[in-house]
Amino acid sequence: MTIFSTNNISKTYANHKALDKVSINVEKGSIFGLLGPNGAGKTTLIRIINQITAPDEGEIYFMGEKLRSEHVHHIGYLPEERGLYKKMKVGEQAIYLAELKGIKKAEAKKRLEYWFNKFDIYSWWNKKVEELSKGMQQKVQFITTILHEPELLIFDEPFSGFDPINANLLKEEILKLKNNGATIIFSTHNMESVEAICDSIALINKSKKILDGRVDEIKQQFKKNEFEIILSKENDISDFIFDGVKLINKTSDLNFQISTLKIEKGRNADLLSKILQKTDIISYKEILPTMNEIFIDTVSNE
Amino acid sequence: MSKTGIIIRREYFIRVKKKSFLVMTFLGPILIASLWIIPFFLALNSDTQSKVLVVDETLMEKNGIKSSLYLNKFKNDKELIFEYGYDIKEAQDKLNKGEYDAVLEIVSTNDMPPIKGFLFYSENEPSLSAQSTIQSQLSNILKDHVLKYDYGMNEKDLEWFNNPKIGFYSKDIRSGKDSYKEIKTFLAIIAGICIYMFIFMFGAQVMKSVSEEKTSRIVEVLVSSIKPVQLLMGKIVAVGLVGLTQLVLWLVLSVVLIGGLRTVSPQTFSEPQKENITINERVISVDKVGEMTSDSSQVNQVVQGLFSIDYTLVILMFVFYFITGYLLYAALFGAVGALIDVDTDAQQFTLPITIPLIIAMVCFPIVINAPSGGVAFWLSMIPLTSPMVMMMRIPFGVPIWEIATSMGIIILFIIFCMWFAAKIYRTGILMYGKNITYKEIWKWFKYNN
């Protein structure tokens, strides 16, 4: 089921076109990666989703309806450039931000107590934000983003500024939110995290969407029929290669010979059965392209 | 509570709870009072008196009685004490020994007038006021001499002639009340300066607050919950309410202060007895007017003047211009705040706003001098200066159509400024690391948010 979609949205600023007929489709309960180089138009798209700006043309649908201003109560947004009132006390500030998302004060307080205890930061309640470290501020901001239990969450580079331990904590929380039914739009440059948590992605470059779909499908789409095969070191892969199979790389260590092959014609089974008639195969696996490679390939081929 | 309400509540309480607000609330009236009191004390304790020896070669001694045209004619005052002699050499010796601070040598002739001029010796350059005092006293002495001996005027007439205590009473043609120009001037200046300070202080607060939200980047979170216009309006209203709170507290404190003074010195600050004297009687009865200049009755006159002004109009207009002036400038300051980034130069944007404010201030004397003149009229129509200038004119009486026109113009202009500010604001707050120019701002009007 689609929770959020855009249909051919375009946005032009005075000097340049920020978005050009971009359509995306976000499935309910999924983590959707919004990828693209700097200046591609991701921030503009995120601001449009948050109704900070409006598109010049195109439609936006949220929970089956056209996006309306009341929908902000169901959307949580963690911008890339984090910011809180520096002189305001942590607890007061979190309640204020929750109230702006339509939560009653008492309810906000109750939920905050839960989260502050969970993140073990309850003792900061009466501290001013400027007294906290950057990482602490990030935690507070994360809590304020999810406190109103939004159906749709937008995280712009959520891991930046977190140390590995807290980044991991955050990742777990994001996955928990997903399991609880929330949908997450996740904008990042960090392709490893895309592989780790995204179900589907859209790649935007120069204000156009150039690629989208489920991460596993995209990987299949971009695979090059390359395989890694490990034989014991007495064997040489070259002995088994026939026409249609190209040896890309070959290395040996103490025990094994590791090689990379590209099968241009024919089936893997032909190669495997040829080897198996002579010797054992220690390992054989398909090499799927990483999201990083797909990203670089697609963007540089534009 | 509406979202704008939530914004207003936060913006209001965060300011009112600040220590600086409390300090200003109590120190403000004291500071302002001290602005009036300090110059007064400084004037009281100004330079010590200088001793001047008047040397006059015509000074003669007859039968043990000294006499001269000038002898004992100079009046001592706060600054100068005069003594008399006739030998210039001796006088210069005394000056060198420090017995006197200055020597005034009068060079006489037998012609009319019987003086050629005077020479002034002193170690230090005489102050401007000392120079003018000596000059005017000298000319008075000569004038008296002529009037007395050539025209036979007696001592009493001479006294009146020199100081004809003719009070200046103007009467308002429409109401028939006394016009009390001084008190109105005082009220006009207070009202004008009050609005000016309020606009500057609280307008700048709106600007600062907007630019803080922008540079701390919290604004992006905020505008994902509310519309930028709501945020800006909430802020402007809240800061305005803070200002009004401060003003009301100052008024309350002042009333308490005056109440305290009344109990300490009841006759000075109490309401005046209504006198049933017509203007004509006053001008004729010179003696009575002379009495009026004694200290306590002067205060009495001030108090009486204070009770003669149409306060309902003044207060209503003050509230109106106070609020509209603030709203107008707060919107503009808010727009400027949205343009300021960490490293952009705020000057280029604040200058066009502060210039009209400064023009209004610079023109205060002109307006006070001629409250119905051309400068006053036009400045009270132009919405950027009218809150201050019209407020200065109102105590003197302004035709209703002028007030209405000025009010209409400013209301229309506020609507325009709010629209203008909202447009700049919502684009500006999300514009980072870019040098914003006027050309750029113009472009913002061409696309919709």
# chains A, B, ... in the order shown; residues from 1 in each chain; ligands from 1
>>> interface_residues(of="chain A", to="chain B", cutoff="7 Å", atoms="only C-alpha atoms", output="list of chain:residue names")
A:Tyr13, A:Ala14, A:Asn50, A:Gln51, A:Ile52, A:Thr53, A:Ala54, A:Val72, A:Tyr77, A:Glu81, A:Arg82, A:Gly83, A:Leu84, A:Tyr85, A:Leu100, A:Lys101
>>> write_last_selection(atoms="C-alpha atoms", output="PDB file, in the first residue's frame")
ATOM      1  CA  TYR A  13      13.498  28.828  -8.428  1.00  0.00           C
ATOM      2  CA  ALA A  14      14.438  32.131  -9.931  1.00  0.00           C
ATOM      3  CA  ASN A  50       7.082  18.928   4.722  1.00  0.00           C
ATOM      4  CA  GLN A  51       5.024  21.652   3.071  1.00  0.00           C
ATOM      5  CA  ILE A  52       7.758  24.151   3.741  1.00  0.00           C
ATOM      6  CA  THR A  53       7.534  25.042   0.081  1.00  0.00           C
ATOM      7  CA  ALA A  54       4.975  24.079  -2.530  1.00  0.00           C
ATOM      8  CA  VAL A  72       2.051  17.974   9.247  1.00  0.00           C
ATOM      9  CA  TYR A  77      11.167  15.758  10.103  1.00  0.00           C
ATOM     10  CA  GLU A  81      21.214  20.924   9.695  1.00  0.00           C
ATOM     11  CA  ARG A  82      20.113  20.237  13.243  1.00  0.00           C
ATOM     12  CA  GLY A  83      19.002  23.084  15.389  1.00  0.00           C
ATOM     13  CA  LEU A  84      17.372  23.775  18.730  1.00  0.00           C
ATOM     14  CA  TYR A  85      16.938  26.922  20.772  1.00  0.00           C
ATOM     15  CA  LEU A 100       3.400  22.598  17.568  1.00  0.00           C
ATOM     16  CA  LYS A 101       2.793  19.107  16.213  1.00  0.00           C
TER      17      LYS A 101
END
>>> residues_around(residues="Ser187 in chain A", least_positions_apart="6", cutoff="7 Å", atoms="only C-alpha atoms", output="list in words")
Gly33, Leu34, Leu35, Phe155, Asp156 and Glu157 of chain A
>>> write_last_selection(atoms="C-alpha atoms", output="mmCIF file, in the first residue's frame")
data_model
loop_
_atom_site.group_PDB
_atom_site.id
_atom_site.type_symbol
_atom_site.label_atom_id
_atom_site.label_comp_id
_atom_site.auth_asym_id
_atom_site.auth_seq_id
_atom_site.Cartn_x
_atom_site.Cartn_y
_atom_site.Cartn_z
ATOM 1 C CA GLY A 33 16.098 5.998 0.524
ATOM 2 C CA LEU A 34 16.261 9.311 -1.220
ATOM 3 C CA LEU A 35 19.654 9.446 -2.869
ATOM 4 C CA PHE A 155 15.404 11.753 8.207
ATOM 5 C CA ASP A 156 17.937 13.849 6.377
ATOM 6 C CA GLU A 157 21.408 12.389 7.004
#
>>> closest_residue(among="B:Phe318, B:Trp401, B:Phe200, B:Phe118", to="Ala330 in chain B", atoms="only C-alpha atoms")
B:Phe200
>>> select_by_dssp(residues="range 47-149 of chain A", states="helix (DSSP H, G or I)", output="PyMOL selection string")
chain A and resi 47-49+69-74+90-100+105-118+122-124+129-131+134-146
>>> select_by_dssp(residues="range 30-279 of chain A", states="strand (DSSP E or B)", output="VMD selection string")
chain A and resid 31 to 35 57 to 62 65 to 66 75 to 78 89 128 152 to 156 183 to 187 200 to 205 208 to 214 226 to 232 245 to 252 256 to 263
>>> atom_distance(atom1="CA of His74 in chain A", atom2="CA of Leu97 in chain A")
13.8 Å
>>> residues_around(residues="Lys134 in chain A", least_positions_apart="4", cutoff="9 Å", atoms="only C-alpha atoms", output="ChimeraX atom specification")
/A:130,138-139,161-162
>>> residues_around(residues="range 217-227 of chain A", least_positions_apart="2", cutoff="7 Å", atoms="only C-alpha atoms", output="count of residues only")
13
>>> residues_around(residues="Gly36 in chain A", least_positions_apart="6", cutoff="9 Å", atoms="only C-alpha atoms", output="list of chain:residue names")
A:Lys42, A:Ser187, A:Thr188, A:His189, A:Ala202, A:Leu203, A:Ile204, A:Asn205, A:Lys206, A:Phe295, A:Val299
>>> write_last_selection(atoms="C-alpha atoms", output="PDB file, in the first residue's frame")
ATOM      1  CA  LYS A  42      16.743  16.246  -2.504  1.00  0.00           C
ATOM      2  CA  SER A 187      18.026  10.945   2.636  1.00  0.00           C
ATOM      3  CA  THR A 188      21.710  10.206   2.716  1.00  0.00           C
ATOM      4  CA  HIS A 189      25.026   9.970   0.969  1.00  0.00           C
ATOM      5  CA  ALA A 202      14.909   6.808  -5.635  1.00  0.00           C
ATOM      6  CA  LEU A 203      17.988   8.369  -7.146  1.00  0.00           C
ATOM      7  CA  ILE A 204      17.775  12.014  -8.089  1.00  0.00           C
ATOM      8  CA  ASN A 205      20.362  13.749 -10.204  1.00  0.00           C
ATOM      9  CA  LYS A 206      20.269  17.208 -11.725  1.00  0.00           C
ATOM     10  CA  PHE A 295      25.141   5.308  -7.505  1.00  0.00           C
ATOM     11  CA  VAL A 299      25.229   9.423 -11.869  1.00  0.00           C
TER      12      VAL A 299
END
>>> residues_around(residues="Asp236 in chain A", least_positions_apart="2", cutoff="12 Å", atoms="only C-alpha atoms", output="MDAnalysis selection string")
chainID A and resid 229:234 238:241 247 250:252 256:259 275 278:279 281
>>> write_last_selection(atoms="N, CA and C atoms", output="short mmCIF file (atom, residue, chain, number, x, y, z; two decimals), in the first residue's frame")
data_model
loop_
_atom_site.label_atom_id
_atom_site.label_comp_id
_atom_site.auth_asym_id
_atom_site.auth_seq_id
_atom_site.Cartn_x
_atom_site.Cartn_y
_atom_site.Cartn_z
N ILE A 229 34.94 -17.16 -7.35
CA ILE A 229 35.08 -18.61 -7.14
C ILE A 229 36.38 -18.88 -6.40
N ILE A 230 36.30 -19.76 -5.40
CA ILE A 230 37.50 -20.09 -4.63
C ILE A 230 37.79 -21.58 -4.79
N LEU A 231 38.97 -21.85 -5.25
CA LEU A 231 39.42 -23.23 -5.40
C LEU A 231 40.62 -23.45 -4.50
N SER A 232 40.94 -24.70 -4.25
CA SER A 232 42.16 -24.94 -3.49
C SER A 232 43.35 -24.58 -4.37
N LYS A 233 44.50 -24.32 -3.71
CA LYS A 233 45.55 -23.65 -4.46
C LYS A 233 46.25 -24.54 -5.49
N GLU A 234 46.04 -25.86 -5.42
CA GLU A 234 46.65 -26.72 -6.42
C GLU A 234 46.02 -26.53 -7.78
N SER A 238 42.24 -21.06 -14.72
CA SER A 238 42.45 -20.92 -16.17
C SER A 238 42.21 -22.24 -16.92
N ASP A 239 42.43 -23.35 -16.23
CA ASP A 239 42.24 -24.65 -16.88
C ASP A 239 40.80 -24.92 -17.26
N PHE A 240 39.89 -24.28 -16.58
CA PHE A 240 38.48 -24.60 -16.80
C PHE A 240 37.75 -23.59 -17.68
N ILE A 241 38.40 -22.50 -17.93
CA ILE A 241 37.70 -21.43 -18.64
C ILE A 241 37.48 -21.80 -20.09
N LEU A 247 38.04 -14.15 -17.47
CA LEU A 247 38.70 -14.05 -16.17
C LEU A 247 39.04 -12.57 -15.92
N LYS A 250 42.61 -12.68 -10.57
CA LYS A 250 43.00 -13.96 -10.00
C LYS A 250 44.06 -13.69 -8.94
N THR A 251 43.84 -14.16 -7.71
CA THR A 251 44.88 -14.04 -6.66
C THR A 251 44.98 -15.36 -5.93
N SER A 252 46.15 -15.57 -5.36
CA SER A 252 46.32 -16.80 -4.57
C SER A 252 46.88 -16.44 -3.21
N PHE A 256 44.38 -20.95 -0.90
CA PHE A 256 43.32 -20.85 -1.90
C PHE A 256 43.71 -19.99 -3.10
N GLN A 257 43.00 -20.27 -4.15
CA GLN A 257 43.07 -19.36 -5.29
C GLN A 257 41.71 -18.70 -5.43
N ILE A 258 41.71 -17.38 -5.38
CA ILE A 258 40.44 -16.64 -5.46
C ILE A 258 40.40 -15.93 -6.79
N SER A 259 39.33 -16.14 -7.55
CA SER A 259 39.27 -15.47 -8.85
C SER A 259 37.88 -14.89 -9.11
N ILE A 275 34.20 -27.81 -13.62
CA ILE A 275 35.17 -27.80 -12.51
C ILE A 275 34.96 -29.01 -11.61
N LYS A 278 36.60 -32.34 -12.03
CA LYS A 278 38.01 -32.47 -11.68
C LYS A 278 38.30 -32.28 -10.18
N THR A 279 37.63 -31.28 -9.61
CA THR A 279 38.00 -30.91 -8.23
C THR A 279 36.82 -30.28 -7.49
N ILE A 281 34.80 -27.31 -5.36
CA ILE A 281 34.72 -25.84 -5.29
C ILE A 281 34.56 -25.46 -3.83
#
>>> atom_distance(atom1="CA of Ser283 in chain A", atom2="CA of Asp243 in chain A")
22.2 Å
>>> closest_residue(among="B:Tyr86, B:Trp250, B:Phe161, B:Tyr321", to="Thr25 in chain B", atoms="only C-alpha atoms")
B:Trp250
>>> residues_around(residues="Ser50 in chain B", least_positions_apart="5", cutoff="7 Å", atoms="only C-alpha atoms", output="number ranges by chain")
B: 79-81, 101
